[in-house]
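Participant: My questions all concern the structure below.
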Protein chains: 4
Amino acid sequence: MMARLLLCLAALLAVVPANAQSPRARDLGVPFQGTPGPLNAITDVAGVTVGMTTLIEGEGAHAVRTGVTAILPRGRDSFARPAYAGWFSLNGNGEMTGTTWIEESGLLEGPVMITNTHSVGVVRDAVIQWRVARGVADNSGYWWSLPVVAETWDGVLNDINGFHVTREHTFAALDAARDGPVAEGSVGGGTGMICYQFKCGTGTASRVLTERQGGYTLGVLVQANHGGLRQLTVAGVPVGREIAAAASERPELGSIIIVIATDAPLLPHQLQRLARRASLGLARTGAVSGNGSGDIFVAFSTANPDAGADEPPPAQLLANDRMDPLFTATVEATEEAIVNALVAGREMTGINGARIPAIDHAQLREILARYNRLPAPAP
Amino acid sequence: MMARLLLCLAALLAVVPANAQSPRARDLGVPFQGTPGPLNAITDVAGVTVGMTTLIEGEGAHAVRTGVTAILPRGRDSFARPAYAGWFSLNGNGEMTGTTWIEESGLLEGPVMITNTHSVGVVRDAVIQWRVARGVADNSGYWWSLPVVAETWDGVLNDINGFHVTREHTFAALDAARDGPVAEGSVGGGTGMICYQFKCGTGTASRVLTERQGGYTLGVLVQANHGGLRQLTVAGVPVGREIAAAASERPELGSIIIVIATDAPLLPHQLQRLARRASLGLARTGAVSGNGSGDIFVAFSTANPDAGADEPPPAQLLANDRMDPLFTATVEATEEAIVNALVAGREMTGINGARIPAIDHAQLREILARYNRLPAPAP
Amino acid sequence: MMARLLLCLAALLAVVPANAQSPRARDLGVPFQGTPGPLNAITDVAGVTVGMTTLIEGEGAHAVRTGVTAILPRGRDSFARPAYAGWFSLNGNGEMTGTTWIEESGLLEGPVMITNTHSVGVVRDAVIQWRVARGVADNSGYWWSLPVVAETWDGVLNDINGFHVTREHTFAALDAARDGPVAEGSVGGGTGMICYQFKCGTGTASRVLTERQGGYTLGVLVQANHGGLRQLTVAGVPVGREIAAAASERPELGSIIIVIATDAPLLPHQLQRLARRASLGLARTGAVSGNGSGDIFVAFSTANPDAGADEPPPAQLLANDRMDPLFTATVEATEEAIVNALVAGREMTGINGARIPAIDHAQLREILARYNRLPAPAP
Amino acid sequence: MMARLLLCLAALLAVVPANAQSPRARDLGVPFQGTPGPLNAITDVAGVTVGMTTLIEGEGAHAVRTGVTAILPRGRDSFARPAYAGWFSLNGNGEMTGTTWIEESGLLEGPVMITNTHSVGVVRDAVIQWRVARGVADNSGYWWSLPVVAETWDGVLNDINGFHVTREHTFAALDAARDGPVAEGSVGGGTGMICYQFKCGTGTASRVLTERQGGYTLGVLVQANHGGLRQLTVAGVPVGREIAAAASERPELGSIIIVIATDAPLLPHQLQRLARRASLGLARTGAVSGNGSGDIFVAFSTANPDAGADEPPPAQLLANDRMDPLFTATVEATEEAIVNALVAGREMTGINGARIPAIDHAQLREILARYNRLPAPAP
């Protein structure tokens, strides 16, 4: 009982920044293009809620450093009101369940979940169990029960073969989902993640289009666990190579999951186009999408709330040639979400004493300044 | 302990025909083209093993009518020796995990598992657990742990929301896998399945090419749970419409998983081509692949045993323009495997007293005869 | 001048049945399911027009037996008003230009053209020239100029390496397009085509859904040039094997292009689903889609006339789970269009005296009767 | 005759740098990662030959600024010896014919051609004509005749609607193909192209892997016609925004074709992976792949010279987990090839007096220096 209580607390806490005073990339002066929304988070897209369960327990051979992230396109209505969606695999060394139905139907029928590689199954079935328990199952063939669950591998820090994620952890993440600020770094599914050889994990960012562009909002959430140090590029600056001069190189460890939300009224094939653009934002941080990387992206639109109805009303949509600002927003917000995940990292000690350092904020700023990308003093 | 013992017995029994004396489609005189292998089963492809756990317990609201099927491309070597593979989704209202990595890598790294829709997760994680427990985990990034698990929905007969499949059931199916005859009908993942409104489930068939064609063997295993009665076509004869005249029509219930194995040395893109041909065999039985159907196919080759090695030797392969006999074999064996699943069906009573009849063998023969497709008396 | 005049006459004549008194498959009593439209042709879909140029000239080494077919989704408005579309390649040993843009944009921006393999280029550029000449070019980047042109290979009968199709032939087909009955057999792009070793070519059919199903119309046009004799299946009857007993077998020659039109309001990803179903109709005629076959299908919807507008109005659409009748219609109309192309074939002598026979209508009926598929005497 | 002679001379000249003394990006001091081959060109891959026809004639309404580029994977053996290949469309607002067969067969059976949008057809048919004329046509079904022809749109400078490219121009490009240095900038299909609002066109680069990585060579050739000024990024520096402060902005005009060649023994599905990585190199130059852009990439391997034989010998191949250096090489060489195309641009006046400036080399260097990316004085 106490354990469950603590779990719920953890889940609740996860949605307020664990390190509320912690600077994000912008706070450090890292330059980005475009205009973010008020939260600079995926939750700037109205209706989107995010919940997380963060599991940080024990040490040594049984260190648990993992979790579950839930992104609900329409909050509690996410099962009852499917959202148009599309997906793309830049490098498919990973899992995202439910994608054949997204591709076939054009619909995302429930949340997007992210966890560690070895817990995809338990989380997947738990999403069904959660729905069944809430009594909103569909009678007509149960067509809905194909949950979308993605993963990255946290075995460097986490006892991944201990299979510590449970159905209750999944329920807690779903129950905790809400709007507002989104915690970054070692939280939720991102708890044990590493990118460019630094402690990394969950990151988010958003962009708001101008009125002339339609005034739409687009948000991105990443679970970043990819990249070798020498590849790291921030604001076009070869930060990784600068740091690597004084560091030992490790082989690349892989994978990044990218979730894109927008309120722009896009049809499924247009959301596939958005998903594909996440590749370009990832590229800006230096990645080449190595063989070991599961770089899988999904995009959904919160417009057209009745897209999944039996008799759907006509679908709002955007002309293809008005999509460029959304492409730009996707690239920019993806880039910033990754740098946010990196900046939010804090040194972590995990399984068998493995220790992963965080990027040094001062060093990052010093390198950016050396390349004239930090013109003004940081606040 | 006793439960576990019984389970293992069930698993062991599953691989010898539960109804060894039962006729298969050919035994009834249904005409097919092509030459089957000795077993007319997927296990005619040397090295392929099949294991099943069949769960038939209880009745009323808690009737369990489900199971797990495991197909191992190279038997116990399936994890250590990946096989070239390709996949295709004719209608993606279903799940087959692990397909993004098949598409990316061209490799199937372990077994193909089939179960019910709501148990995909537990089976998926259990495949990893099974591997971890056997101590053959790969140290270099654990890139292998993306199990392939497919499903069809058995909620008409099975208490699917009871989530009765466990990791132990999965282990049992994997442990039970062997070569030899393959049980058909209500066994393994196919236990609670229905096709063309008759009791259906697991079916298999094979074809052997002539020496001039290369002498290769190709086998198919289906978990058939698709189709409306009026669509049913056997040997080109509108059997369903003949029967339907005296029967009530139900709405179509969906999905068929088709697994294709061959010893022909095909490269990954060629195996995608095979997978696509399963559509044409399915079409011959009358299906139109309705919206509710998860019609997902995977094909693998047992040639090139070192395809996944660190330093793979040159790959044996077949010229594209020598593939036609394999295309024909895929179409023919898929058709026959489906009819075998149908013919192997036996009336079953399941959840809340739901009763699904088997097709009447005598009636099937009578209809075929009426259309001049049963020229000779059956043995 | 005279040549041009004759050409125009040929084009005009092409749209009224060259053999108006000729029986179609239904007239011979071949049984099909479903309800066709008034013309049993793609032009039953309101707005769709078809034009053809048929080139039958000379003999010996310079025998010309080829042509051009134009299908315009919205008649003369086809350039100005793009139509939602999707495509599928069952076996890609063929060409259909313009498909990357269909897939990206979801739109078909102009006609679908079909000709012989070696004339795809001249027809493609001619479509642009035709548009430029008519002065409706788009000023904003000319993004529209990616014509859709498909092909099948007619080198058995036609001097294909003589490159006899010209831009004027293309213009003539476009100019001749109109609604009403569509000529079948050796007309337009289908002039020199062969299927199942019989003279074949252009065929068409349609289906009308019931009011409860939405009352939509779906039409199919094929250019059929595929299949070996022994594969030929008509109404489920192994017609090819019956005939082959007394005939010599030739190697399969390839390719079929299938165009699907509907007035049902489908979105691009839903039209991909329709295109994929053409595979199942093709399978019913016995095809296995051999390596040499270019089996490429495109589907478009005439609903949503302003789908390509700068500010498109909300898009009418159909729920996914109401698509099954359209899937059935696609399968049925594809099957019938192929049999119509076959039945419309007339013996032709082509290059270097090559002679391809037509299927014998009486023999076809006799075989169908033997299999109890011709219950009533033909009219 | 004289015209033909001049044409041939132009074609011959095209393969030696028109501006042999002109600096390439490296000569200006632009920093890149990785080690280029001796020519820093696609022709560093042994066997690859490149030929171009450059058409610069007239002015005013009839200014011709266009051409044809031919890339032959195995030089004169390219038709007789197909090469394994794969392709990818990042944004499909463009044409690359022949891709359905590449995807189906895994083979590139002839050259890759690049020209302007309105000349794809004439070039496509001309490739067949060229082959027919040389008497090496395949007798077995002519399965080979599906040429690969790509395009970008040069209507800003070229009288594209004058359709000035002819079959003879195509023959000339094919006949001129040879190894050695490759001309850049306004040559071949790239003659009239513009990227990031500067005169652009053809560019190339290469990378050589270390011995430990296998010692393979990978080369890239681009026809660059994409991007808005403000997007332009060189070596991570926001060059475009720096320049744009003093320049007027134009709407983005689109498209880039990227051809990747390697001697690494990759299978078709692995070459798809390479093609996908070109996206990441493109992203490094600032592109977001706008709606109007036809960003289509093709990759081939010169290994396995008998890949297309009737009885192909075992295929050399590389383990997936040894591909990372090739991914990096693709990203790096793509980035450099684009910057090379930009740096090779020279101001051009075209149709109706349209004038497109070249990027100013001194200004480019000045901006790079300001961002500390030009440490040493240029040679």
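Ligands are numbered from 1 in the order shown, residues from 1 within each chain, and chains are lettered A, B, ... in the order they appear in the structure tokens.
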Using only C-alpha atoms, which residues of chain C come within 12 Å of chain A, and what is the closest atom pair for each, with the distance in Å to one decimal? Give it as JSON lines, sorted by chain and residue number.
Facilitator:
```
{"residue": "C:Pro82", "atom": "CA", "partner": "A:Ala319", "partner_atom": "CA", "distance": 11.9}
{"residue": "C:Tyr84", "atom": "CA", "partner": "A:His269", "partner_atom": "CA", "distance": 11.1}
{"residue": "C:Ala85", "atom": "CA", "partner": "A:His269", "partner_atom": "CA", "distance": 11.1}
{"residue": "C:Gly86", "atom": "CA", "partner": "A:His269", "partner_atom": "CA", "distance": 10.3}
{"residue": "C:Trp101", "atom": "CA", "partner": "A:Asn320", "partner_atom": "CA", "distance": 11.4}
{"residue": "C:Ile102", "atom": "CA", "partner": "A:His269", "partner_atom": "CA", "distance": 10.4}
{"residue": "C:Glu103", "atom": "CA", "partner": "A:His269", "partner_atom": "CA", "distance": 8.0}
{"residue": "C:Glu104", "atom": "CA", "partner": "A:His269", "partner_atom": "CA", "distance": 7.2}
{"residue": "C:Ser105", "atom": "CA", "partner": "A:Asn320", "partner_atom": "CA", "distance": 6.7}
{"residue": "C:Gly106", "atom": "CA", "partner": "A:His269", "partner_atom": "CA", "distance": 6.9}
{"residue": "C:Leu107", "atom": "CA", "partner": "A:Asn320", "partner_atom": "CA", "distance": 9.8}
{"residue": "C:Ser140", "atom": "CA", "partner": "A:Asp321", "partner_atom": "CA", "distance": 10.1}
{"residue": "C:Gly141", "atom": "CA", "partner": "A:Asp321", "partner_atom": "CA", "distance": 10.8}
{"residue": "C:Trp143", "atom": "CA", "partner": "A:Asp321", "partner_atom": "CA", "distance": 9.8}
{"residue": "C:Trp144", "atom": "CA", "partner": "A:Asp321", "partner_atom": "CA", "distance": 11.7}
{"residue": "C:Gly214", "atom": "CA", "partner": "A:Glu311", "partner_atom": "CA", "distance": 11.5}
{"residue": "C:Pro265", "atom": "CA", "partner": "A:Pro314", "partner_atom": "CA", "distance": 9.8}
{"residue": "C:Leu266", "atom": "CA", "partner": "A:Pro314", "partner_atom": "CA", "distance": 11.0}
{"residue": "C:Leu267", "atom": "CA", "partner": "A:Leu267", "partner_atom": "CA", "distance": 8.2}
{"residue": "C:Pro268", "atom": "CA", "partner": "A:His269", "partner_atom": "CA", "distance": 7.0}
{"residue": "C:His269", "atom": "CA", "partner": "A:His269", "partner_atom": "CA", "distance": 6.5}
{"residue": "C:Gln270", "atom": "CA", "partner": "A:Ser105", "partner_atom": "CA", "distance": 7.6}
{"residue": "C:Leu271", "atom": "CA", "partner": "A:Glu104", "partner_atom": "CA", "distance": 10.6}
{"residue": "C:Gln272", "atom": "CA", "partner": "A:Glu104", "partner_atom": "CA", "distance": 8.8}
{"residue": "C:Arg273", "atom": "CA", "partner": "A:Glu104", "partner_atom": "CA", "distance": 7.4}
{"residue": "C:Leu274", "atom": "CA", "partner": "A:Glu104", "partner_atom": "CA", "distance": 11.2}
{"residue": "C:Arg276", "atom": "CA", "partner": "A:Glu104", "partner_atom": "CA", "distance": 11.1}
{"residue": "C:Ala303", "atom": "CA", "partner": "A:Pro314", "partner_atom": "CA", "distance": 11.8}
{"residue": "C:Asn304", "atom": "CA", "partner": "A:Pro314", "partner_atom": "CA", "distance": 10.0}
{"residue": "C:Asp306", "atom": "CA", "partner": "A:Ala319", "partner_atom": "CA", "distance": 10.4}
{"residue": "C:Ala307", "atom": "CA", "partner": "A:Ala319", "partner_atom": "CA", "distance": 8.2}
{"residue": "C:Gly308", "atom": "CA", "partner": "A:Ala319", "partner_atom": "CA", "distance": 7.1}
{"residue": "C:Ala309", "atom": "CA", "partner": "A:Ala319", "partner_atom": "CA", "distance": 7.0}
{"residue": "C:Asp310", "atom": "CA", "partner": "A:Ala319", "partner_atom": "CA", "distance": 5.9}
{"residue": "C:Glu311", "atom": "CA", "partner": "A:Ala319", "partner_atom": "CA", "distance": 6.2}
{"residue": "C:Pro312", "atom": "CA", "partner": "A:Ala319", "partner_atom": "CA", "distance": 6.3}
{"residue": "C:Pro313", "atom": "CA", "partner": "A:Gln316", "partner_atom": "CA", "distance": 7.2}
{"residue": "C:Pro314", "atom": "CA", "partner": "A:Gln316", "partner_atom": "CA", "distance": 4.5}
{"residue": "C:Ala315", "atom": "CA", "partner": "A:Ala315", "partner_atom": "CA", "distance": 4.8}
{"residue": "C:Gln316", "atom": "CA", "partner": "A:Pro314", "partner_atom": "CA", "distance": 4.5}
{"residue": "C:Leu317", "atom": "CA", "partner": "A:Pro314", "partner_atom": "CA", "distance": 6.3}
{"residue": "C:Leu318", "atom": "CA", "partner": "A:Pro312", "partner_atom": "CA", "distance": 6.9}
{"residue": "C:Ala319", "atom": "CA", "partner": "A:Asp310", "partner_atom": "CA", "distance": 5.8}
{"residue": "C:Asn320", "atom": "CA", "partner": "A:Ser105", "partner_atom": "CA", "distance": 6.7}
{"residue": "C:Asp321", "atom": "CA", "partner": "A:Asp310", "partner_atom": "CA", "distance": 7.7}
{"residue": "C:Arg322", "atom": "CA", "partner": "A:Asp310", "partner_atom": "CA", "distance": 8.2}
{"residue": "C:Met323", "atom": "CA", "partner": "A:Ser105", "partner_atom": "CA", "distance": 11.0}
```
Participant: Tell me which protein, DNA and RNA residues are within 6 Å of C:Val48, counting only C-alpha atoms, leaving out same-chain ones fewer than 2 positions away, and put them as a count of residues only.
Facilitator: 7
Participant: Apply DSSP to the structure's backbone, then extract all residues of stretch 120-218 of chain C labelled alpha helix (DSSP H) and return them as a short mmCIF file (atom, residue, chain, number, x, y, z; two decimals) with all heavy atoms, in the first residue's frame.
Facilitator:
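Output file result_14.cif is given in full below:
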```
data_model
loop_
_atom_site.label_atom_id
_atom_site.label_comp_id
_atom_site.auth_asym_id
_atom_site.auth_seq_id
_atom_site.Cartn_x
_atom_site.Cartn_y
_atom_site.Cartn_z
N VAL C 120 6.29 5.52 -72.65
CA VAL C 120 5.91 6.24 -71.43
C VAL C 120 6.45 7.66 -71.46
O VAL C 120 5.77 8.62 -71.08
CB VAL C 120 6.43 5.50 -70.18
CG1 VAL C 120 6.40 6.40 -68.95
CG2 VAL C 120 5.62 4.24 -69.94
N GLY C 121 7.67 7.82 -71.94
CA GLY C 121 8.30 9.13 -71.92
C GLY C 121 7.61 10.13 -72.81
O GLY C 121 7.28 11.24 -72.38
N VAL C 122 7.37 9.74 -74.04
CA VAL C 122 6.76 10.68 -74.98
C VAL C 122 5.36 11.07 -74.50
O VAL C 122 4.96 12.23 -74.61
CB VAL C 122 6.74 10.11 -76.42
CG1 VAL C 122 5.89 8.87 -76.51
CG2 VAL C 122 6.26 11.17 -77.40
N VAL C 123 4.64 10.12 -73.94
CA VAL C 123 3.30 10.43 -73.45
C VAL C 123 3.39 11.35 -72.24
O VAL C 123 2.62 12.30 -72.10
CB VAL C 123 2.53 9.14 -73.11
CG1 VAL C 123 1.22 9.44 -72.40
CG2 VAL C 123 2.27 8.34 -74.39
N ARG C 124 4.37 11.08 -71.37
CA ARG C 124 4.52 11.91 -70.17
C ARG C 124 4.78 13.38 -70.52
O ARG C 124 4.10 14.28 -70.03
CB ARG C 124 5.68 11.39 -69.32
CG ARG C 124 5.90 12.18 -68.06
CD ARG C 124 7.32 12.13 -67.57
NE ARG C 124 7.46 12.94 -66.37
CZ ARG C 124 7.87 14.20 -66.39
NH1 ARG C 124 8.15 14.80 -67.53
NH2 ARG C 124 7.97 14.88 -65.26
N ASP C 125 5.77 13.60 -71.35
CA ASP C 125 6.07 14.99 -71.71
C ASP C 125 4.90 15.62 -72.47
O ASP C 125 4.62 16.82 -72.32
CB ASP C 125 7.34 15.06 -72.55
CG ASP C 125 8.60 14.72 -71.76
OD1 ASP C 125 8.50 14.49 -70.53
OD2 ASP C 125 9.68 14.67 -72.37
N ALA C 126 4.20 14.80 -73.26
CA ALA C 126 3.09 15.33 -74.04
C ALA C 126 1.95 15.80 -73.14
O ALA C 126 1.24 16.75 -73.48
CB ALA C 126 2.59 14.28 -75.05
N VAL C 127 1.77 15.17 -72.03
CA VAL C 127 0.73 15.62 -71.10
C VAL C 127 1.05 17.03 -70.61
O VAL C 127 0.17 17.90 -70.52
CB VAL C 127 0.58 14.65 -69.92
CG1 VAL C 127 -0.34 15.23 -68.85
CG2 VAL C 127 0.05 13.30 -70.40
N ILE C 128 2.33 17.27 -70.34
CA ILE C 128 2.73 18.62 -69.94
C ILE C 128 2.52 19.59 -71.10
O ILE C 128 1.98 20.68 -70.94
CB ILE C 128 4.21 18.65 -69.50
CG1 ILE C 128 4.43 17.70 -68.31
CG2 ILE C 128 4.64 20.07 -69.13
CD1 ILE C 128 5.88 17.60 -67.85
N GLN C 129 2.93 19.17 -72.28
CA GLN C 129 2.79 20.03 -73.46
C GLN C 129 1.33 20.36 -73.72
O GLN C 129 0.98 21.50 -74.06
CB GLN C 129 3.40 19.33 -74.69
CG GLN C 129 4.93 19.22 -74.59
CD GLN C 129 5.51 18.09 -75.39
OE1 GLN C 129 4.79 17.22 -75.90
NE2 GLN C 129 6.84 18.04 -75.47
N TRP C 130 0.49 19.38 -73.54
CA TRP C 130 -0.95 19.60 -73.75
C TRP C 130 -1.46 20.65 -72.77
O TRP C 130 -2.21 21.55 -73.13
CB TRP C 130 -1.69 18.26 -73.56
CG TRP C 130 -3.12 18.24 -73.94
CD1 TRP C 130 -3.64 18.16 -75.21
CD2 TRP C 130 -4.25 18.26 -73.06
NE1 TRP C 130 -5.01 18.13 -75.15
CE2 TRP C 130 -5.41 18.18 -73.85
CE3 TRP C 130 -4.39 18.32 -71.67
CZ2 TRP C 130 -6.70 18.19 -73.30
CZ3 TRP C 130 -5.66 18.31 -71.12
CH2 TRP C 130 -6.80 18.24 -71.93
N ARG C 131 -1.01 20.54 -71.54
CA ARG C 131 -1.46 21.52 -70.56
C ARG C 131 -0.89 22.91 -70.86
O ARG C 131 -1.60 23.91 -70.80
CB ARG C 131 -1.02 21.09 -69.14
CG ARG C 131 -1.53 22.06 -68.11
CD ARG C 131 -1.33 21.61 -66.70
NE ARG C 131 -1.98 22.55 -65.80
CZ ARG C 131 -1.94 22.48 -64.49
NH1 ARG C 131 -1.28 21.50 -63.91
NH2 ARG C 131 -2.55 23.37 -63.75
N VAL C 132 0.38 22.95 -71.19
CA VAL C 132 1.00 24.24 -71.51
C VAL C 132 0.28 24.88 -72.70
O VAL C 132 -0.02 26.08 -72.67
CB VAL C 132 2.50 24.04 -71.82
CG1 VAL C 132 3.11 25.31 -72.40
CG2 VAL C 132 3.25 23.64 -70.55
N ALA C 133 -0.02 24.08 -73.68
CA ALA C 133 -0.67 24.61 -74.89
C ALA C 133 -2.04 25.18 -74.58
O ALA C 133 -2.50 26.11 -75.23
CB ALA C 133 -0.77 23.51 -75.94
N ARG C 167 3.53 12.63 -79.60
CA ARG C 167 2.79 13.56 -78.75
C ARG C 167 1.39 13.80 -79.31
O ARG C 167 0.45 13.97 -78.57
CB ARG C 167 3.57 14.86 -78.60
CG ARG C 167 3.49 15.83 -79.76
CD ARG C 167 4.12 17.15 -79.43
NE ARG C 167 5.57 17.05 -79.36
CZ ARG C 167 6.39 18.06 -79.05
NH1 ARG C 167 5.88 19.23 -78.75
NH2 ARG C 167 7.68 17.91 -79.03
N GLU C 168 1.27 13.80 -80.63
CA GLU C 168 -0.05 14.04 -81.21
C GLU C 168 -1.02 12.92 -80.85
O GLU C 168 -2.20 13.16 -80.62
CB GLU C 168 0.06 14.18 -82.74
CG GLU C 168 0.67 15.49 -83.21
CD GLU C 168 2.18 15.57 -82.96
OE1 GLU C 168 2.83 14.50 -82.87
OE2 GLU C 168 2.69 16.71 -82.83
N HIS C 169 -0.53 11.71 -80.81
CA HIS C 169 -1.40 10.60 -80.38
C HIS C 169 -1.88 10.81 -78.95
O HIS C 169 -3.00 10.46 -78.60
CB HIS C 169 -0.65 9.27 -80.48
CG HIS C 169 -0.23 8.90 -81.86
ND1 HIS C 169 0.99 8.33 -82.14
CD2 HIS C 169 -0.85 9.05 -83.06
CE1 HIS C 169 1.09 8.12 -83.45
NE2 HIS C 169 -0.02 8.55 -84.02
N THR C 170 -0.99 11.36 -78.13
CA THR C 170 -1.36 11.63 -76.74
C THR C 170 -2.42 12.72 -76.69
O THR C 170 -3.44 12.59 -75.98
CB THR C 170 -0.11 12.06 -75.95
OG1 THR C 170 0.92 11.10 -76.15
CG2 THR C 170 -0.42 12.22 -74.48
N PHE C 171 -2.17 13.80 -77.44
CA PHE C 171 -3.17 14.88 -77.48
C PHE C 171 -4.52 14.33 -77.93
O PHE C 171 -5.57 14.68 -77.37
CB PHE C 171 -2.74 15.98 -78.45
CG PHE C 171 -1.49 16.71 -78.07
CD1 PHE C 171 -0.88 17.58 -78.97
CD2 PHE C 171 -0.89 16.53 -76.82
CE1 PHE C 171 0.28 18.27 -78.63
CE2 PHE C 171 0.29 17.21 -76.47
CZ PHE C 171 0.86 18.08 -77.39
N ALA C 172 -4.49 13.48 -78.94
CA ALA C 172 -5.75 12.95 -79.49
C ALA C 172 -6.51 12.14 -78.44
O ALA C 172 -7.73 12.25 -78.33
CB ALA C 172 -5.46 12.08 -80.72
N ALA C 173 -5.79 11.35 -77.67
CA ALA C 173 -6.47 10.58 -76.62
C ALA C 173 -7.08 11.51 -75.58
O ALA C 173 -8.22 11.32 -75.14
CB ALA C 173 -5.50 9.60 -75.97
N LEU C 174 -6.34 12.52 -75.20
CA LEU C 174 -6.86 13.47 -74.21
C LEU C 174 -8.06 14.24 -74.77
O LEU C 174 -9.07 14.42 -74.08
CB LEU C 174 -5.76 14.46 -73.80
CG LEU C 174 -4.68 13.89 -72.89
CD1 LEU C 174 -3.44 14.79 -72.86
CD2 LEU C 174 -5.22 13.72 -71.46
N ASP C 175 -7.94 14.65 -76.03
CA ASP C 175 -9.03 15.42 -76.62
C ASP C 175 -10.28 14.58 -76.82
O ASP C 175 -11.39 15.09 -76.84
CB ASP C 175 -8.57 15.99 -77.98
CG ASP C 175 -7.55 17.10 -77.82
OD1 ASP C 175 -7.53 17.75 -76.75
OD2 ASP C 175 -6.76 17.32 -78.76
N ALA C 176 -10.08 13.29 -77.01
CA ALA C 176 -11.22 12.41 -77.30
C ALA C 176 -11.95 11.96 -76.04
O ALA C 176 -13.00 11.32 -76.14
CB ALA C 176 -10.73 11.18 -78.06
#
```
Participant: Select from stretch 100-333 of chain D everything DSSP, run on the backbone, classes as strand (DSSP E), then give the selection as an MDAnalysis selection string.
Facilitator: chainID D and resid 107:108 112:116 148:152 194:195 198:199 201:208 217:224 256:262 294:301
Participant: Got a sec: who's within 10 Å of C:Phe163, counting only C-alpha atoms, leaving out chain neighbours fewer than 3 positions off, as a count of residues only?
Facilitator: 14
Participant: Would you kindly return, as a list in words, each protein, DNA or RNA residue with an atom no farther than 8 Å from any atom of A:Glu95, considering only C-alpha atoms and excluding same-chain residues fewer than 3 positions away?
Facilitator: Gly92, Thr117, Val149, Ala150, Glu151, Gly294 and Ile296 of chain A; Thr97, Gly98, Thr100, Trp101 and Leu146 of chain B
Participant: Atom CA of D:Ala278 to atom CA of D:Gly227: how many Å, to one decimal?
Facilitator: 15.5 Å
Participant: Could you name the residues that touch stretch 231-241 of chain D at 10 Å or less, counting only C-alpha atoms, but leaving out those on the same chain fewer than 3 positions away, as a PyMOL selection string?
Facilitator: (chain A and resi 233-238+284+328+371-373) or (chain D and resi 25+30-33+195-197+227-228+244-247+252+283-288+335-336+338-339+363-374)
Participant: Applying 7 Å and only C-alpha atoms, which residues near D:Thr262 remain after dropping the ones on its own chain fewer than 5 positions away? List them as a compact mmCIF listing (two decimals) with N, CA, C and O atoms, in the first residue's frame.
Facilitator:
```txt
# COMPACT_ATOMS: atom_id res chain seq x y z
N VAL D 45 34.52 6.24 -56.81
CA VAL D 45 34.06 4.85 -56.74
C VAL D 45 34.41 4.20 -58.07
O VAL D 45 33.88 4.59 -59.13
N THR D 217 34.94 3.08 -50.52
CA THR D 217 34.75 4.44 -51.01
C THR D 217 33.27 4.67 -51.25
O THR D 217 32.55 3.77 -51.68
N LEU D 218 32.82 5.87 -50.92
CA LEU D 218 31.43 6.25 -51.15
C LEU D 218 31.42 7.64 -51.77
O LEU D 218 32.10 8.55 -51.27
N GLY D 219 30.68 7.77 -52.86
CA GLY D 219 30.62 9.07 -53.54
C GLY D 219 29.19 9.53 -53.71
O GLY D 219 28.27 8.72 -53.78
N PHE D 300 23.44 3.07 -54.97
CA PHE D 300 23.77 1.78 -55.59
C PHE D 300 25.15 1.34 -55.18
O PHE D 300 25.98 2.15 -54.75
N SER D 301 25.39 0.05 -55.30
CA SER D 301 26.69 -0.53 -54.98
C SER D 301 27.31 -1.14 -56.23
O SER D 301 26.66 -1.88 -56.96
N THR D 302 28.59 -0.87 -56.43
CA THR D 302 29.29 -1.45 -57.58
C THR D 302 29.86 -2.83 -57.26
O THR D 302 30.42 -3.47 -58.15
```
Participant: Excluding C:Ile256 and any residue of its chain fewer than 3 positions from it, enumerate the residues within 8 Å of it, using only C-alpha atoms, and give them as a list in words.
Facilitator: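 Returned residues: Thr152, Val222, Gln223, Ala224, Asn225, His226, Ser293, Gly294, Asp295 and Ile296 of chain C.
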